[in-house]
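These notes are about the structure you will find just below.
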Amino acid sequence: MIRLAWHRSVSGNSRGEPARVLAAALGADSQTSGGNIRCFRLIPHPPNDRPPLHQRPQPAYHLSPSVFMSMASGGDGPASSAQKHTNRLAMERSPYLLQHAHNPVDWYPWGQDAFDKAKKEDKPIFLSVGYSTCHWCHVMERESFEDEEIGKLLSDNFVCIKVDREERPDVDKVYMTFVQATSGGGGWPMSVWLTPELKPFIGGTYFPPTDHARRPGIKTVLSRIMEQWQNNRPALESSGDRILEALKKGTAVSANPGESPPLAPGVANRCFQQLAHSYEEEYGGFKDHPKFPTPVNLMFLMSYWSVNRSTSEGVEALQMALHTLRMMALGGIHDHVAQGFHRYSTDSSWHVPHFEKMLYDQAQLAVAYITAFQVSDEQLFADVAQDILLYVSRDLSDKSGGFYSAEDADSVPASGGPEKREGAFCVWTATEVRELLPDVVEGATGAATHADVFMHHYGVKDPGNVAPEQDPHGELQGQNVLIVRYSVELTAARFGIGVEKVNELLASARTKMAEVRKSRPRPHLDTKMLASWNGLMLSAYAGVGAVLGDKALLERAVQAGNFLKKHLWDAEQQTILRSCYRGEDMEVQQISPPISGFLDDYAFIICGLLDLYEATLQTEWLQWAEELQLRQDVLFWDDQGGGYFCSDPSDTTVLLQLKEDQDGAEPSANSVSASSLLRLSHYTGRQEWLQRSQRLLAAFSDRLTRVPIALPEMVRSLMAQHYTLKQIVICGQRDAPDTASLLAAVNSLFLPHKVLMLNDGDSDSFLCQRLPVLSSMSQQGGVATAYVCQDFTCSLPVTDPQDLRKLLLDGTTETLAD
């Protein structure tokens, strides 16, 4: 559970006290404002997401007080090929840790060796947390961690631990909770000082190397902490204990015995109202800027519409979701040349993005776009969903079937030079476009060239189309970020040519530009493969493949499922592994010992397996989902308070047992688990999973009731409990054409409250063994037959796909008692 400054419900005393402790720790001359040390202040950002990154901090010699925030772009480590230093991080596999392997800092990875050293030498720990595509992580590395003097200061006086937040989200969440609670914000790089017992006593984010104005540099911070450690250690340790106790109380999530979840309609209505209040009507999205895609919001809005179709609120919810998805697809956040979506937009019109591409965004957006296609039948949405998966298949896929984590925002410009620039791989000058597309368009007015048409349609301008306020460092000066400015019809009318001709011309131009892109220096690619994000991507390929009936996408989904089982599942230990890595010879590698999976790894894979079963109807995936859910329950379930802990509560090195209560850049694992438990109860007949889902939702009752906008995915799970799931049973042979026709009818519709299953007549099958009622359902007249059951009542058998579609849409059919 992470509570940000603007959405925090930590007890009142837990915020001011740590601020006074921090001020004391840094000394009486530290500059403070309202009880908070300004060097630790961060601009608040959307819940459970990376902070807004477009307002970049200026270089250290003219940093402004309002811009200490994390940056999410990246680099490939030290520029020098001759390495003067090598530390123990060189033995790691994380791209982020390897980027620090040649710092003059005695770095340790998170682990017992570091903890033992801190206790033996009685030194405080300096914990530095980031990830490989984080721009300001690399700035701090260049400025401080590559500096010989700072490296010696750190190594001589602290035990220095470097953590990849994507490898160890448990560590990151604990100390980010501390930093947010004590400084009013958070971000990466995260810098925290701990006692040898791992208790935090001072924390912040990015520090410049030297003091600037009212802001202490890392040298000053280190020297003051060293002084306080020597002269005021009992106060530091006592403050760490008090802060931890306050955080334990403030982050607790639990249900009282016998407590029920809140009523879904009221919670859903409040969530809709809160989203509508923050909705930006002109370009869609929520709030003005920066704008994040927030697929969890969009999926909630479409689910809300599905049960409120006849109301004005339902219609408005659907309009909000579809308009946002359209504007994002047309905007610069969407890569019109090489597909996929960038991390977020720095402006309100989705124009100038932060150019990083994250796997979890691609996964969730593909699902959102294919859902929009289901509800609207608008081809644009299906095209964009396929477009996203094309990018992932081409640029983020390992030959083993796994998916890589991220592609950086920064790269070396094609024109050369040592300095990487934001978006260099993606942007275009008007001159480049004209030279690439010089041909005159036959029949066009004014002897227009292909470049003229393309530049008009995508807003390309000679001086560039990026406003100065969106480019504080001048990296995009004279450059253009492609954004669709006109419909194809308007562009055709402007040049006096046909719509079909314009479409052909634009497609041809994009293909040529993609070829040019291939010759440019590529951004850094984080080839770490995470179980949780691969689980999200599994859902995307399965969902899009099922809706479109695309066998290639379904085969890729099966390949991803096989990858997870082969490389990220330890069958002997019955444990999901958090991550694996691409080796130098393109083989899949694992560290020793491997990192055990966390709650989100189990939850996202289980959801992906359920989606893969519904897409392929291969029961092996359903069986593995059941197996993993049983294991998740053993490892993470809180018997006392309900809900799941984010990490294994038996791990004594994790000081806070958190239950994340934000659906942000990724849905929270508890939100996803609430839905999976309900689905699995219908597939397996295990009533205890239905009860567990209800108890989980009850544990989050306070959050769901007060601020459901923080948990839109969990609100969807609450709605599924309330409206009860439809069981759609197809009786037929899996690969038969008549079975395929019925499945196509089901998959053409957005049915958020359903489970789909196949009864192939085998009484010994996984499903028939768990659901004896299936034996009473059979094919009618020798053809594939569908039954729709809800609340212990089943429809009469249906064999015609259109009848099935009608039944699922409006429920008008005769029924048969179950």
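By convention in this document, the chains of the structure tokens carry letters A, B, ... by their order, each chain's residues are numbered from 1, and ligands are numbered from 1 in the order they are shown.
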Task: Near-Ala786 of chain A list (9 Å; only C-alpha atoms; drop same-chain fewer than 2 positions) as JSON, numbers by chain - done: {"A": [728, 729, 730, 731, 732, 739, 742, 777, 778, 779, 784, 788, 795, 796, 797, 798, 799, 800, 801, 804]}
Take the residues from that selection and put them in a file with N, CA and C atoms, as a PDB file, in the first residue's frame.
```pdb
ATOM      1  N   ILE A 728     -20.571 -19.200 -19.347  1.00  0.00           N
ATOM      2  CA  ILE A 728     -20.881 -19.523 -20.740  1.00  0.00           C
ATOM      3  C   ILE A 728     -20.195 -20.847 -21.067  1.00  0.00           C
ATOM      4  N   VAL A 729     -20.993 -21.861 -21.269  1.00  0.00           N
ATOM      5  CA  VAL A 729     -20.474 -23.206 -21.524  1.00  0.00           C
ATOM      6  C   VAL A 729     -20.711 -23.549 -22.989  1.00  0.00           C
ATOM      7  N   ILE A 730     -19.631 -23.813 -23.695  1.00  0.00           N
ATOM      8  CA  ILE A 730     -19.713 -24.252 -25.089  1.00  0.00           C
ATOM      9  C   ILE A 730     -19.480 -25.763 -25.128  1.00  0.00           C
ATOM     10  N   CYS A 731     -20.481 -26.497 -25.591  1.00  0.00           N
ATOM     11  CA  CYS A 731     -20.347 -27.948 -25.745  1.00  0.00           C
ATOM     12  C   CYS A 731     -19.978 -28.241 -27.196  1.00  0.00           C
ATOM     13  N   GLY A 732     -18.796 -28.746 -27.417  1.00  0.00           N
ATOM     14  CA  GLY A 732     -18.338 -29.022 -28.775  1.00  0.00           C
ATOM     15  C   GLY A 732     -16.870 -29.374 -28.773  1.00  0.00           C
ATOM     16  N   THR A 739     -17.941 -24.849 -33.273  1.00  0.00           N
ATOM     17  CA  THR A 739     -17.497 -24.343 -31.966  1.00  0.00           C
ATOM     18  C   THR A 739     -16.859 -22.967 -32.126  1.00  0.00           C
ATOM     19  N   LEU A 742     -19.453 -20.153 -32.409  1.00  0.00           N
ATOM     20  CA  LEU A 742     -20.037 -19.745 -31.128  1.00  0.00           C
ATOM     21  C   LEU A 742     -19.034 -18.931 -30.303  1.00  0.00           C
ATOM     22  N   MET A 777     -24.860 -31.137 -19.643  1.00  0.00           N
ATOM     23  CA  MET A 777     -24.911 -30.287 -20.822  1.00  0.00           C
ATOM     24  C   MET A 777     -24.242 -31.007 -21.989  1.00  0.00           C
ATOM     25  N   SER A 778     -24.876 -30.967 -23.129  1.00  0.00           N
ATOM     26  CA  SER A 778     -24.314 -31.695 -24.268  1.00  0.00           C
ATOM     27  C   SER A 778     -24.705 -31.012 -25.567  1.00  0.00           C
ATOM     28  N   GLN A 779     -24.084 -31.449 -26.662  1.00  0.00           N
ATOM     29  CA  GLN A 779     -24.418 -30.921 -27.977  1.00  0.00           C
ATOM     30  C   GLN A 779     -25.863 -31.293 -28.340  1.00  0.00           C
ATOM     31  N   ALA A 784     -22.270 -27.935 -32.211  1.00  0.00           N
ATOM     32  CA  ALA A 784     -21.813 -27.205 -31.027  1.00  0.00           C
ATOM     33  C   ALA A 784     -22.961 -26.406 -30.426  1.00  0.00           C
ATOM     34  N   VAL A 788     -25.884 -20.612 -21.244  1.00  0.00           N
ATOM     35  CA  VAL A 788     -25.515 -19.445 -20.450  1.00  0.00           C
ATOM     36  C   VAL A 788     -26.195 -19.576 -19.097  1.00  0.00           C
ATOM     37  N   SER A 795     -29.780 -21.063 -19.401  1.00  0.00           N
ATOM     38  CA  SER A 795     -30.622 -20.856 -20.569  1.00  0.00           C
ATOM     39  C   SER A 795     -30.892 -22.187 -21.253  1.00  0.00           C
ATOM     40  N   LEU A 796     -31.906 -22.199 -22.091  1.00  0.00           N
ATOM     41  CA  LEU A 796     -32.081 -23.322 -22.995  1.00  0.00           C
ATOM     42  C   LEU A 796     -30.904 -23.357 -23.960  1.00  0.00           C
ATOM     43  N   PRO A 797     -30.564 -24.499 -24.474  1.00  0.00           N
ATOM     44  CA  PRO A 797     -29.392 -24.592 -25.367  1.00  0.00           C
ATOM     45  C   PRO A 797     -29.559 -23.737 -26.613  1.00  0.00           C
ATOM     46  N   VAL A 798     -28.442 -23.162 -27.052  1.00  0.00           N
ATOM     47  CA  VAL A 798     -28.406 -22.287 -28.223  1.00  0.00           C
ATOM     48  C   VAL A 798     -27.352 -22.820 -29.183  1.00  0.00           C
ATOM     49  N   THR A 799     -27.687 -22.932 -30.440  1.00  0.00           N
ATOM     50  CA  THR A 799     -26.721 -23.423 -31.436  1.00  0.00           C
ATOM     51  C   THR A 799     -26.357 -22.388 -32.478  1.00  0.00           C
ATOM     52  N   ASP A 800     -27.168 -21.332 -32.612  1.00  0.00           N
ATOM     53  CA  ASP A 800     -26.921 -20.303 -33.619  1.00  0.00           C
ATOM     54  C   ASP A 800     -26.103 -19.163 -33.006  1.00  0.00           C
ATOM     55  N   PRO A 801     -24.987 -18.774 -33.621  1.00  0.00           N
ATOM     56  CA  PRO A 801     -24.152 -17.707 -33.056  1.00  0.00           C
ATOM     57  C   PRO A 801     -24.902 -16.399 -32.828  1.00  0.00           C
ATOM     58  N   LEU A 804     -26.958 -16.674 -29.761  1.00  0.00           N
ATOM     59  CA  LEU A 804     -26.096 -16.586 -28.579  1.00  0.00           C
ATOM     60  C   LEU A 804     -25.709 -15.130 -28.303  1.00  0.00           C
TER      61      LEU A 804
END
```
TODO: Excluding Gly498 of chain A and residues on its chain fewer than 6 positions from it, collect all residues at most 10 Å away from it, counting only C-alpha atoms, and give them as an MDAnalysis selection string.
DONE: chainID A and resid 443:444 488:489 491:492
- [ ] Mind checking which residues fall within 9 Å of Gly401 of chain A, counting only C-alpha atoms, ignoring those fewer than 5 positions away in the same chain, and posting them as a VMD selection string?
- [x] chain A and resid 556 to 564
Keeping only all heavy atoms, take the residues you just selected and write them out as an mmCIF file, in the first residue's frame.
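Result saved to result-v9.cif:
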```cif
data_model
loop_
_atom_site.group_PDB
_atom_site.id
_atom_site.type_symbol
_atom_site.label_atom_id
_atom_site.label_comp_id
_atom_site.auth_asym_id
_atom_site.auth_seq_id
_atom_site.Cartn_x
_atom_site.Cartn_y
_atom_site.Cartn_z
ATOM 1 N N ARG A 556 1.400 -16.772 -30.164
ATOM 2 C CA ARG A 556 2.383 -15.995 -29.377
ATOM 3 C C ARG A 556 2.016 -16.001 -27.898
ATOM 4 O O ARG A 556 2.898 -16.036 -27.023
ATOM 5 C CB ARG A 556 2.442 -14.553 -29.912
ATOM 6 C CG ARG A 556 3.493 -13.681 -29.216
ATOM 7 C CD ARG A 556 4.887 -14.185 -29.488
ATOM 8 N NE ARG A 556 5.914 -13.421 -28.779
ATOM 9 C CZ ARG A 556 6.350 -13.705 -27.563
ATOM 10 N NH1 ARG A 556 5.823 -14.723 -26.901
ATOM 11 N NH2 ARG A 556 7.301 -12.994 -26.986
ATOM 12 N N ALA A 557 0.724 -15.976 -27.598
ATOM 13 C CA ALA A 557 0.285 -16.048 -26.207
ATOM 14 C C ALA A 557 0.682 -17.391 -25.589
ATOM 15 O O ALA A 557 1.179 -17.454 -24.455
ATOM 16 C CB ALA A 557 -1.223 -15.843 -26.119
ATOM 17 N N VAL A 558 0.475 -18.468 -26.323
ATOM 18 C CA VAL A 558 0.853 -19.798 -25.828
ATOM 19 C C VAL A 558 2.363 -19.869 -25.625
ATOM 20 O O VAL A 558 2.853 -20.435 -24.630
ATOM 21 C CB VAL A 558 0.381 -20.888 -26.808
ATOM 22 C CG1 VAL A 558 0.996 -22.238 -26.452
ATOM 23 C CG2 VAL A 558 -1.145 -20.975 -26.794
ATOM 24 N N GLN A 559 3.112 -19.278 -26.534
ATOM 25 C CA GLN A 559 4.572 -19.244 -26.388
ATOM 26 C C GLN A 559 4.962 -18.518 -25.098
ATOM 27 O O GLN A 559 5.877 -18.941 -24.378
ATOM 28 C CB GLN A 559 5.195 -18.555 -27.605
ATOM 29 C CG GLN A 559 6.714 -18.625 -27.637
ATOM 30 C CD GLN A 559 7.304 -17.822 -28.798
ATOM 31 O OE1 GLN A 559 6.617 -17.034 -29.448
ATOM 32 N NE2 GLN A 559 8.580 -18.026 -29.060
ATOM 33 N N ALA A 560 4.255 -17.422 -24.803
ATOM 34 C CA ALA A 560 4.532 -16.673 -23.574
ATOM 35 C C ALA A 560 4.193 -17.504 -22.338
ATOM 36 O O ALA A 560 4.928 -17.482 -21.340
ATOM 37 C CB ALA A 560 3.734 -15.371 -23.572
ATOM 38 N N GLY A 561 3.087 -18.246 -22.397
ATOM 39 C CA GLY A 561 2.740 -19.119 -21.285
ATOM 40 C C GLY A 561 3.791 -20.188 -21.061
ATOM 41 O O GLY A 561 4.174 -20.481 -19.908
ATOM 42 N N ASN A 562 4.276 -20.763 -22.144
ATOM 43 C CA ASN A 562 5.330 -21.783 -22.035
ATOM 44 C C ASN A 562 6.621 -21.193 -21.476
ATOM 45 O O ASN A 562 7.335 -21.840 -20.699
ATOM 46 C CB ASN A 562 5.584 -22.421 -23.401
ATOM 47 C CG ASN A 562 4.457 -23.343 -23.828
ATOM 48 O OD1 ASN A 562 3.826 -23.992 -23.000
ATOM 49 N ND2 ASN A 562 4.183 -23.403 -25.128
ATOM 50 N N PHE A 563 6.935 -19.965 -21.887
ATOM 51 C CA PHE A 563 8.124 -19.286 -21.361
ATOM 52 C C PHE A 563 8.024 -19.140 -19.842
ATOM 53 O O PHE A 563 8.987 -19.426 -19.110
ATOM 54 C CB PHE A 563 8.274 -17.909 -22.014
ATOM 55 C CG PHE A 563 9.154 -16.974 -21.240
ATOM 56 C CD1 PHE A 563 10.530 -17.051 -21.344
ATOM 57 C CD2 PHE A 563 8.604 -16.028 -20.379
ATOM 58 C CE1 PHE A 563 11.352 -16.196 -20.606
ATOM 59 C CE2 PHE A 563 9.411 -15.170 -19.640
ATOM 60 C CZ PHE A 563 10.783 -15.258 -19.750
ATOM 61 N N LEU A 564 6.877 -18.681 -19.367
ATOM 62 C CA LEU A 564 6.703 -18.481 -17.929
ATOM 63 C C LEU A 564 6.900 -19.796 -17.174
ATOM 64 O O LEU A 564 7.549 -19.828 -16.123
ATOM 65 C CB LEU A 564 5.316 -17.913 -17.648
ATOM 66 C CG LEU A 564 5.114 -16.439 -18.005
ATOM 67 C CD1 LEU A 564 3.639 -16.064 -18.013
ATOM 68 C CD2 LEU A 564 5.878 -15.543 -17.013
#
```
Task: Within 10 Å of segment 609-619 of chain A using only C-alpha atoms, minus same-chain residues under 3 positions, as a ChimeraX atom specification - done: /A:535-536,538-547,549,551,554-555,557-558,560-561,603-606,622-626,628,676,679-680,683,734-735,743,747,755-759,765-767
Open item on the list: Between atom CA of Val481 of chain A and atom CA of Val433 of chain A, what is the distance in Å, rounded to a tenth?
Closed with: 12.1 Å
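When only C-alpha atoms are used to compute distances to Ile202 of chain A, the closest of the residues A:Tyr175, A:Trp533, A:Tyr279, A:Phe700 turns out to be A:Tyr175.
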Interface rows for segment 383-451 of chain A against segment 468-475 of chain A: nearest pair, Å to one decimal, 10 Å, only C-alpha atoms, as a Markdown table:
```
| residue | atom | partner | partner_atom | distance |
| --- | --- | --- | --- | --- |
| A:Pro413 | CA | A:Glu475 | CA | 10.0 |
| A:Lys420 | CA | A:Glu475 | CA | 9.4 |
| A:Arg421 | CA | A:Glu475 | CA | 6.0 |
| A:Glu422 | CA | A:Glu475 | CA | 6.5 |
| A:Gly423 | CA | A:Glu475 | CA | 8.2 |
| A:Ala424 | CA | A:Glu475 | CA | 8.2 |
```
Open item on the list: Among segment 525-709 of chain A, which ones does DSSP assign to strand (DSSP E) (computed from the backbone)? Answer as a list in words.
Closed with: Leu525, Asp526, Met529, Leu530, Trp569, Asp570, Thr575, Ile576, Ser579, Cys580, Tyr581, Arg582, Val588 and Gln589 of chain A
Open item on the list: Let me make sure I understand: among A:Ser376, A:Gln83, A:Gln573, A:Gln640, which one has the smallest atom-to-atom distance to Glu146 of chain A if we use only C-alpha atoms?
Closed with: A:Gln83
Give me, as a Markdown table, the closest atom pair and its distance (Å, one decimal) for every residue of segment 635-750 of chain A within a cut-off of 9 Å of segment 280-303 of chain A, counting only C-alpha atoms, rows sorted by chain and rising number.
```
| residue | atom | partner | partner_atom | distance |
| --- | --- | --- | --- | --- |
| A:Asp663 | CA | A:Val296 | CA | 6.8 |
| A:Gly664 | CA | A:Thr294 | CA | 6.7 |
| A:Ala665 | CA | A:Thr294 | CA | 6.3 |
| A:Glu666 | CA | A:Val296 | CA | 7.8 |
| A:Pro667 | CA | A:Val296 | CA | 6.6 |
| A:Ile709 | CA | A:Asn297 | CA | 8.1 |
| A:Leu711 | CA | A:Val296 | CA | 8.4 |
| A:Pro712 | CA | A:Phe300 | CA | 5.8 |
| A:Glu713 | CA | A:Val296 | CA | 5.8 |
| A:Val715 | CA | A:Phe300 | CA | 7.5 |
| A:Arg716 | CA | A:Phe300 | CA | 6.0 |
| A:Met719 | CA | A:Ser303 | CA | 8.6 |
| A:Phe750 | CA | A:Ser303 | CA | 8.5 |
```
Suppose we keep C-alpha atoms; can you now write the selection as a tab-separated table (two decimals), in the first residue's frame?
```
chain	number	residue	atom	x	y	z
A	663	ASP	CA	-4.32	1.01	-9.00
A	664	GLY	CA	-1.86	3.18	-10.87
A	665	ALA	CA	0.60	2.50	-13.67
A	666	GLU	CA	-0.13	-1.15	-12.95
A	667	PRO	CA	-3.23	-2.49	-11.22
A	709	ILE	CA	-10.81	6.58	-7.79
A	711	LEU	CA	-8.76	1.62	-6.88
A	712	PRO	CA	-10.74	1.52	-10.15
A	713	GLU	CA	-9.61	-2.03	-10.90
A	715	VAL	CA	-14.09	-1.44	-8.06
A	716	ARG	CA	-14.44	-3.58	-11.20
A	719	MET	CA	-18.92	-4.98	-9.45
A	750	PHE	CA	-17.36	-6.96	-23.98
```
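With only C-alpha atoms as the atoms that count, the minimum distance from Arg326 of chain A to the choices A:Val484, A:Leu396, A:Leu244, A:Leu677 is reached by A:Val484.
Distances here use only C-alpha atoms; by that measure, the residue among A:Gln802, A:Ser393, A:Asn269, A:Thr205 closest to Arg706 of chain A is A:Asn269.
Separating atom CA of Glu143 of chain A from atom CA of Val427 of chain A is a distance of 27.7 Å.
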Task: For Val441 of chain A: contacts at 9 Å, only C-alpha atoms, fewer than 2 positions along chain excluded, given as a list in words - done: Asp439, Gly443, Ala444, Thr445, Ala447, Ala448, Thr449, His450, Val453, Ile497 and Leu505 of chain A
Open item on the list: Report as a PyMOL selection string all protein, DNA and RNA residues lying within 12 Å of Ala329 of chain A, evaluated on only C-alpha atoms, omitting residues in the same chain fewer than 3 positions from it.
Closed with: chain A and resi 283-284+293+322-326+332-336+339-342+349-351+365-366+368-369+380-385+387-388+482-485
Open item on the list: Show me, as a VMD selection string, the residues that have an atom within 8 Å of Ala414 of chain A when counting only C-alpha atoms, minus same-chain residues fewer than 5 positions from it.
Closed with: chain A and resid 424 to 425 520 to 521
Write to file, as a PDB file, in the first residue's frame, the residues of the selection just made, with all heavy atoms.
```pdb
ATOM      1  N   ALA A 424      15.541  11.378 -29.336  1.00  0.00           N
ATOM      2  CA  ALA A 424      16.340  11.492 -30.563  1.00  0.00           C
ATOM      3  C   ALA A 424      16.017  10.394 -31.569  1.00  0.00           C
ATOM      4  O   ALA A 424      16.088  10.612 -32.783  1.00  0.00           O
ATOM      5  CB  ALA A 424      17.834  11.469 -30.215  1.00  0.00           C
ATOM      6  N   PHE A 425      15.651   9.230 -31.082  1.00  0.00           N
ATOM      7  CA  PHE A 425      15.351   8.108 -31.965  1.00  0.00           C
ATOM      8  C   PHE A 425      14.033   8.303 -32.709  1.00  0.00           C
ATOM      9  O   PHE A 425      13.823   7.722 -33.770  1.00  0.00           O
ATOM     10  CB  PHE A 425      15.281   6.825 -31.129  1.00  0.00           C
ATOM     11  CG  PHE A 425      15.103   5.566 -31.931  1.00  0.00           C
ATOM     12  CD1 PHE A 425      16.086   5.122 -32.798  1.00  0.00           C
ATOM     13  CD2 PHE A 425      13.948   4.804 -31.800  1.00  0.00           C
ATOM     14  CE1 PHE A 425      15.923   3.952 -33.528  1.00  0.00           C
ATOM     15  CE2 PHE A 425      13.775   3.632 -32.512  1.00  0.00           C
ATOM     16  CZ  PHE A 425      14.775   3.208 -33.386  1.00  0.00           C
ATOM     17  N   ARG A 520      19.294   4.645 -37.195  1.00  0.00           N
ATOM     18  CA  ARG A 520      19.632   5.534 -36.084  1.00  0.00           C
ATOM     19  C   ARG A 520      20.132   4.723 -34.880  1.00  0.00           C
ATOM     20  O   ARG A 520      19.748   3.568 -34.711  1.00  0.00           O
ATOM     21  CB  ARG A 520      18.406   6.350 -35.658  1.00  0.00           C
ATOM     22  CG  ARG A 520      17.911   7.339 -36.709  1.00  0.00           C
ATOM     23  CD  ARG A 520      16.644   8.048 -36.216  1.00  0.00           C
ATOM     24  NE  ARG A 520      16.217   9.092 -37.141  1.00  0.00           N
ATOM     25  CZ  ARG A 520      15.127   9.843 -36.960  1.00  0.00           C
ATOM     26  NH1 ARG A 520      14.369   9.663 -35.887  1.00  0.00           N
ATOM     27  NH2 ARG A 520      14.814  10.765 -37.837  1.00  0.00           N
ATOM     28  N   PRO A 521      20.975   5.344 -34.041  1.00  0.00           N
ATOM     29  CA  PRO A 521      21.391   4.648 -32.807  1.00  0.00           C
ATOM     30  C   PRO A 521      20.170   4.368 -31.935  1.00  0.00           C
ATOM     31  O   PRO A 521      19.382   5.273 -31.652  1.00  0.00           O
ATOM     32  CB  PRO A 521      22.330   5.661 -32.133  1.00  0.00           C
ATOM     33  CG  PRO A 521      22.785   6.569 -33.233  1.00  0.00           C
ATOM     34  CD  PRO A 521      21.646   6.656 -34.196  1.00  0.00           C
TER      35      PRO A 521
END
```
